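**Q** Data: protein24.cif, mmCIF, C-alpha atoms.
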```cif
data_target
loop_
_atom_site.group_PDB
_atom_site.id
_atom_site.type_symbol
_atom_site.label_atom_id
_atom_site.label_comp_id
_atom_site.auth_asym_id
_atom_site.auth_seq_id
_atom_site.Cartn_x
_atom_site.Cartn_y
_atom_site.Cartn_z
ATOM 1 C CA MET E 1 0.000 0.000 0.000
ATOM 2 C CA TYR E 2 1.329 3.365 -0.981
ATOM 3 C CA ASP E 3 0.291 6.423 1.024
ATOM 4 C CA LYS E 4 -0.249 8.729 -1.939
ATOM 5 C CA LYS E 5 -0.391 12.423 -1.214
ATOM 6 C CA PHE E 6 -2.614 14.570 -3.391
ATOM 7 C CA THR E 7 -0.693 17.863 -3.190
ATOM 8 C CA LYS E 8 -3.347 19.781 -5.095
ATOM 9 C CA GLY E 9 -6.224 17.958 -3.423
ATOM 10 C CA TYR E 10 -8.622 15.499 -5.009
ATOM 11 C CA THR E 11 -12.057 16.239 -6.403
ATOM 12 C CA ALA E 12 -14.216 13.230 -7.178
ATOM 13 C CA LYS E 13 -16.004 13.690 -10.485
ATOM 14 C CA SER E 14 -17.547 10.243 -10.725
ATOM 15 C CA LYS E 15 -19.834 7.923 -8.817
ATOM 16 C CA PRO E 16 -18.697 7.096 -5.261
ATOM 17 C CA MET E 17 -17.535 3.511 -5.932
ATOM 18 C CA ALA E 18 -15.690 4.575 -9.093
ATOM 19 C CA ALA E 19 -13.923 7.314 -7.103
ATOM 20 C CA ILE E 20 -12.985 4.878 -4.317
ATOM 21 C CA LYS E 21 -11.610 2.380 -6.839
ATOM 22 C CA SER E 22 -9.672 5.146 -8.609
ATOM 23 C CA ILE E 23 -8.031 6.324 -5.391
ATOM 24 C CA ALA E 24 -7.287 2.737 -4.337
ATOM 25 C CA SER E 25 -5.623 1.983 -7.679
ATOM 26 C CA GLN E 26 -3.449 5.106 -7.370
ATOM 27 C CA CYS E 27 -2.434 3.883 -3.893
ATOM 28 C CA LYS E 28 -1.635 0.402 -5.276
ATOM 29 C CA THR E 29 -4.249 -1.125 -2.971
ATOM 30 C CA PRO E 30 -7.004 -3.622 -3.796
ATOM 31 C CA VAL E 31 -10.683 -3.008 -3.034
ATOM 32 C CA SER E 32 -12.580 -6.056 -1.798
ATOM 33 C CA TYR E 33 -15.767 -7.105 -0.028
ATOM 34 C CA PRO E 34 -14.879 -9.769 2.565
ATOM 35 C CA HIS E 35 -17.986 -10.954 4.421
ATOM 36 C CA GLY E 36 -20.065 -8.278 2.653
ATOM 37 C CA ARG E 37 -18.219 -5.152 3.812
ATOM 38 C CA LEU E 38 -16.090 -2.769 1.765
ATOM 39 C CA GLU E 39 -12.399 -3.062 2.598
ATOM 40 C CA ILE E 40 -9.368 -1.234 1.247
ATOM 41 C CA ALA E 41 -6.322 -2.925 2.730
ATOM 42 C CA ASP E 42 -2.726 -3.884 2.113
ATOM 43 C CA TYR E 43 -2.720 -7.681 2.215
ATOM 44 C CA SER E 44 1.072 -7.878 2.178
ATOM 45 C CA LYS E 45 1.003 -6.756 5.820
ATOM 46 C CA ASN E 46 -1.578 -9.347 6.952
ATOM 47 C CA LYS E 47 -0.472 -11.881 9.531
ATOM 48 C CA LYS E 48 -0.138 -15.523 8.614
ATOM 49 C CA SER E 49 -2.804 -17.723 10.154
ATOM 50 C CA GLN E 50 -2.029 -20.946 11.975
ATOM 51 C CA PHE E 51 -4.152 -22.914 9.496
ATOM 52 C CA TYR E 52 -2.561 -25.602 7.319
ATOM 53 C CA LEU E 53 -4.765 -26.782 4.440
ATOM 54 C CA GLU E 54 -4.070 -30.293 3.213
ATOM 55 C CA TYR E 55 -6.195 -33.308 2.291
ATOM 56 C CA SER E 56 -6.683 -34.254 5.957
ATOM 57 C CA THR E 57 -7.903 -30.749 6.903
ATOM 58 C CA GLY E 58 -10.289 -30.034 4.033
ATOM 59 C CA LEU E 59 -8.458 -29.794 0.706
ATOM 60 C CA LEU E 60 -10.739 -31.509 -1.828
ATOM 61 C CA ALA E 61 -8.670 -31.401 -5.035
ATOM 62 C CA GLU E 62 -5.240 -30.452 -6.307
ATOM 63 C CA PRO E 63 -4.839 -26.702 -6.935
ATOM 64 C CA GLU E 64 -5.222 -25.841 -10.617
ATOM 65 C CA ALA E 65 -2.961 -23.229 -12.198
ATOM 66 C CA GLN E 66 -4.915 -20.373 -13.816
ATOM 67 C CA ASP E 67 -3.663 -18.725 -17.006
ATOM 68 C CA ASP E 68 -5.976 -15.704 -17.138
ATOM 69 C CA SER E 69 -4.053 -13.485 -14.716
ATOM 70 C CA ASP E 70 -2.937 -10.026 -15.826
ATOM 71 C CA ASP E 71 -1.063 -9.029 -12.660
ATOM 72 C CA GLY E 72 2.094 -11.047 -13.354
ATOM 73 C CA LEU E 73 1.487 -13.545 -10.536
ATOM 74 C CA GLN E 74 0.655 -17.231 -10.922
ATOM 75 C CA HIS E 75 -2.882 -17.805 -9.624
ATOM 76 C CA TYR E 76 -4.249 -21.160 -8.483
ATOM 77 C CA GLN E 77 -7.809 -22.327 -8.005
ATOM 78 C CA VAL E 78 -8.182 -24.275 -4.771
ATOM 79 C CA THR E 79 -11.269 -26.275 -3.812
ATOM 80 C CA ALA E 80 -11.706 -26.932 -0.093
ATOM 81 C CA LEU E 81 -14.330 -27.529 2.558
ATOM 82 C CA PHE E 82 -16.018 -24.309 3.671
ATOM 83 C CA ARG E 83 -14.373 -22.401 6.514
ATOM 84 C CA PRO E 84 -15.771 -19.061 7.734
ATOM 85 C CA ALA E 85 -12.216 -17.670 7.950
ATOM 86 C CA PHE E 86 -11.718 -17.989 4.177
ATOM 87 C CA ALA E 87 -11.944 -14.384 2.983
ATOM 88 C CA VAL E 88 -9.971 -12.071 0.722
ATOM 89 C CA GLY E 89 -6.610 -11.344 2.323
ATOM 90 C CA TYR E 90 -6.521 -14.513 4.461
ATOM 91 C CA ILE E 91 -3.061 -16.139 4.506
ATOM 92 C CA PHE E 92 -2.691 -19.861 5.172
ATOM 93 C CA HIS E 93 -0.269 -22.693 4.486
ATOM 94 C CA LEU E 94 -1.248 -24.995 1.622
ATOM 95 C CA GLU E 95 0.238 -28.459 1.242
ATOM 96 C CA SER E 96 -0.339 -30.385 -1.985
ATOM 97 C CA THR E 97 1.714 -31.937 -4.761
ATOM 98 C CA THR E 98 1.045 -28.938 -7.056
ATOM 99 C CA LEU E 99 1.667 -26.139 -4.572
ATOM 100 C CA THR E 100 3.195 -26.061 -1.106
ATOM 101 C CA GLY E 101 3.751 -22.928 0.948
ATOM 102 C CA TRP E 102 2.046 -19.822 2.273
ATOM 103 C CA VAL E 103 -0.727 -18.530 0.001
ATOM 104 C CA LEU E 104 -2.961 -15.473 -0.013
ATOM 105 C CA ILE E 105 -6.635 -15.575 -0.990
ATOM 106 C CA GLU E 106 -7.298 -12.945 -3.680
ATOM 107 C CA SER E 107 -10.913 -13.932 -4.330
ATOM 108 C CA GLY E 108 -13.285 -16.804 -3.832
ATOM 109 C CA THR E 109 -16.807 -18.125 -3.625
ATOM 110 C CA SER E 110 -18.571 -20.481 -1.262
ATOM 111 C CA ALA E 111 -21.527 -22.775 -1.811
ATOM 112 C CA ILE E 112 -23.311 -24.136 1.237
ATOM 113 C CA THR E 113 -25.935 -26.870 0.996
ATOM 114 C CA ASP E 114 -27.835 -28.803 3.668
ATOM 115 C CA ASP E 115 -25.109 -31.377 4.101
ATOM 116 C CA SER E 116 -21.849 -29.662 3.098
ATOM 117 C CA GLY E 117 -20.089 -26.459 2.200
ATOM 118 C CA ILE E 118 -17.441 -25.956 -0.474
ATOM 119 C CA SER E 119 -15.179 -22.965 -1.073
ATOM 120 C CA THR E 120 -13.492 -22.248 -4.377
ATOM 121 C CA LEU E 121 -10.539 -19.941 -3.787
ATOM 122 C CA ASP E 122 -8.250 -17.972 -6.087
ATOM 123 C CA VAL E 123 -4.867 -17.930 -4.329
ATOM 124 C CA VAL E 124 -1.356 -16.643 -5.076
ATOM 125 C CA ASP E 125 2.016 -17.419 -3.534
ATOM 126 C CA TYR E 126 2.303 -15.035 -0.574
ATOM 127 C CA ALA E 127 6.051 -14.394 -0.854
ATOM 128 C CA LYS E 128 5.761 -13.458 -4.547
ATOM 129 C CA TYR E 129 2.722 -11.262 -3.845
ATOM 130 C CA LYS E 130 4.593 -9.445 -1.072
ATOM 131 C CA LYS E 131 7.650 -8.905 -3.293
ATOM 132 C CA LYS E 132 5.548 -7.598 -6.202
ATOM 133 C CA THR E 133 3.694 -5.215 -3.889
ATOM 134 C CA ALA E 134 6.965 -3.855 -2.495
ATOM 135 C CA VAL E 135 8.368 -3.265 -5.990
ATOM 136 C CA SER E 136 5.246 -1.448 -7.226
ATOM 137 C CA THR E 137 5.168 0.680 -4.063
ATOM 138 C CA LYS E 138 8.810 1.702 -4.538
ATOM 139 C CA LYS E 139 8.126 2.655 -8.153
ATOM 140 C CA ALA E 140 5.135 4.770 -7.133
ATOM 141 C CA GLU E 141 7.123 6.487 -4.370
ATOM 142 C CA SER E 142 9.966 7.245 -6.788
ATOM 143 C CA LYS E 143 7.557 8.627 -9.374
ATOM 144 C CA ASP E 144 5.847 10.822 -6.777
ATOM 145 C CA LYS E 145 9.180 12.124 -5.436
ATOM 146 C CA LYS E 146 10.179 13.180 -8.953
ATOM 147 C CA ALA E 147 6.816 14.870 -9.512
ATOM 148 C CA LYS E 148 7.065 16.658 -6.153
ATOM 149 C CA ALA E 149 10.627 17.838 -6.909
ATOM 150 C CA LYS E 150 9.447 19.175 -10.275
ATOM 151 C CA LEU E 151 6.498 20.958 -8.643
ATOM 152 C CA ASP E 152 8.740 22.398 -5.905
ATOM 153 C CA ALA E 153 11.201 23.692 -8.518
ATOM 154 C CA ALA E 154 8.366 25.358 -10.425
ATOM 155 C CA ASN E 155 7.038 26.924 -7.208
ATOM 156 C CA ARG E 156 10.519 28.218 -6.296
ATOM 157 C CA LYS E 157 10.840 29.740 -9.766
ATOM 158 C CA LYS E 158 7.460 31.478 -9.392
ATOM 159 C CA LEU E 159 8.412 32.725 -5.945
ATOM 160 C CA LYS E 160 11.722 34.163 -7.192
ATOM 161 C CA ALA E 161 9.922 35.914 -10.050
ATOM 162 C CA LYS E 162 7.404 37.333 -7.612
ATOM 163 C CA GLN E 163 10.167 38.541 -5.264
ATOM 164 C CA LYS E 164 12.017 40.108 -8.186
ATOM 165 C CA GLY E 165 8.842 41.950 -9.167
ATOM 166 C CA ARG E 166 8.517 43.406 -5.659
ATOM 167 C CA ARG E 167 12.042 44.858 -5.738
ATOM 168 C CA LYS E 168 11.338 46.970 -8.815
#
```
Will you turn the file into structure tokens for me?
**A**
Amino acid sequence: MYDKKFTKGYTAKSKPMAAIKSIASQCKTPVSYPHGRLEIADYSKNKKSQFYLEYSTGLLAEPEAQDDSDDGLQHYQVTALFRPAFAVGYIFHLESTTLTGWVLIESGTSAITDDSGISTLDVVDYAKYKKKTAVSTKKAESKDKKAKAKLDAANRKKLKAKQKGRRK
């Protein structure tokens, strides 16, 4: 998450959700709805849970690699027994032949029937997610520092011109 500063302020000229999503994207932060509430959070700072998902604890099938990702991370679809803790941003340890290690839930759905509940989760490797987030945050900070330096230089130039005008 990048704490973006709007030096000239910010005026929303769109619908509320579009404005929230726009600000969140500029701050390199995802917008999600875990358990039906709006959340804007940095998942790279979430704490790892003590939950280990494997066949004996509710994993129903091998994670399937997904090819439709545009964020540069390898996504996997995991099918497991329903757990109320499964929500966007939840970090747990997954053990299977396809994928083993700490994973982060990026999205998911749950289906609950009379006799069972199944969750289908879209997960990414937590270490890679954290690294990618850090890199994008550094780039944004660098870009903003350059823009601020340019703005400061322009303001100093205006101030000098104004001071010169007063001396005449």
**Q** Would you mind telling me which residue in E:Ala140, E:Ala41, E:Ala19, E:Ala65 lies nearest to E:Gln77 when using only C-alpha atoms?
**A**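 When distances to E:Gln77 are compared using only C-alpha atoms, the smallest one comes from E:Ala65.
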**Q** Mind telling me what the PyMOL selection byres ((chain E and resi 102) around 9) catches here, as a PDB file with C-alpha atoms, keeping the file's coordinate frame?
**A**
```pdb
ATOM      1  CA  LYS E  48      -0.138 -15.523   8.614  1.00  0.00           C
ATOM      2  CA  TYR E  52      -2.561 -25.602   7.319  1.00  0.00           C
ATOM      3  CA  ILE E  91      -3.061 -16.139   4.506  1.00  0.00           C
ATOM      4  CA  PHE E  92      -2.691 -19.861   5.172  1.00  0.00           C
ATOM      5  CA  HIS E  93      -0.269 -22.693   4.486  1.00  0.00           C
ATOM      6  CA  LEU E  94      -1.248 -24.995   1.622  1.00  0.00           C
ATOM      7  CA  GLU E  95       0.238 -28.459   1.242  1.00  0.00           C
ATOM      8  CA  THR E 100       3.195 -26.061  -1.106  1.00  0.00           C
ATOM      9  CA  GLY E 101       3.751 -22.928   0.948  1.00  0.00           C
ATOM     10  CA  VAL E 103      -0.727 -18.530   0.001  1.00  0.00           C
ATOM     11  CA  LEU E 104      -2.961 -15.473  -0.013  1.00  0.00           C
ATOM     12  CA  VAL E 124      -1.356 -16.643  -5.076  1.00  0.00           C
ATOM     13  CA  ASP E 125       2.016 -17.419  -3.534  1.00  0.00           C
ATOM     14  CA  TYR E 126       2.303 -15.035  -0.574  1.00  0.00           C
ATOM     15  CA  ALA E 127       6.051 -14.394  -0.854  1.00  0.00           C
TER      16      ALA E 127
END
```
**Q** Go ahead and compute the interatomic distance for atom CA of E:Gly117 and atom CA of E:Gln74, in Å to one decimal.
**A**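 One can read the atom CA of E:Gly117 to atom CA of E:Gln74 distance as 26.2 Å.
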**Q** Please write the residues picked by the PyMOL selection byres ((chain E and resi 24-40) around 12) on this file as a VMD selection string.
**A** chain E and resid 1 to 6 10 17 to 23 41 to 45 71 84 to 90 105 to 110 132 to 141 143 to 144
**Q** Point out the residue among E:Ala147, E:Ala111, E:Leu60, E:Leu121 with the least atom-to-atom distance to E:Val78, counting all atoms listed in the file.
**A**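 Looking only at the distances to E:Val78, the closest residue turns out to be E:Leu121.
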**Q** Would you please work out which residue, of E:Asp68, E:Leu81, E:Lys162, E:Lys8, is nearest to E:Lys148 when using only C-alpha atoms?
**A** E:Lys8
**Q** With a distance cut-off of 7 Å and all atoms listed in the file, select the neighbouring residues of E:Leu59, excluding the residue or stretch itself and same-chain residues fewer than 4 positions from it, and output the selection as a PyMOL selection string.
**A** chain E and resi 53-55+79-81
**Q** Please compute the atom CA of E:Thr57-atom CA of E:Ser96 distance, one decimal, in Å.
**A**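 Interatomic distance here is 11.7 Å.
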**Q** By how many Å are atom CA of E:Ser49 and atom CA of E:Ser116 apart?
**A** 23.6 Å
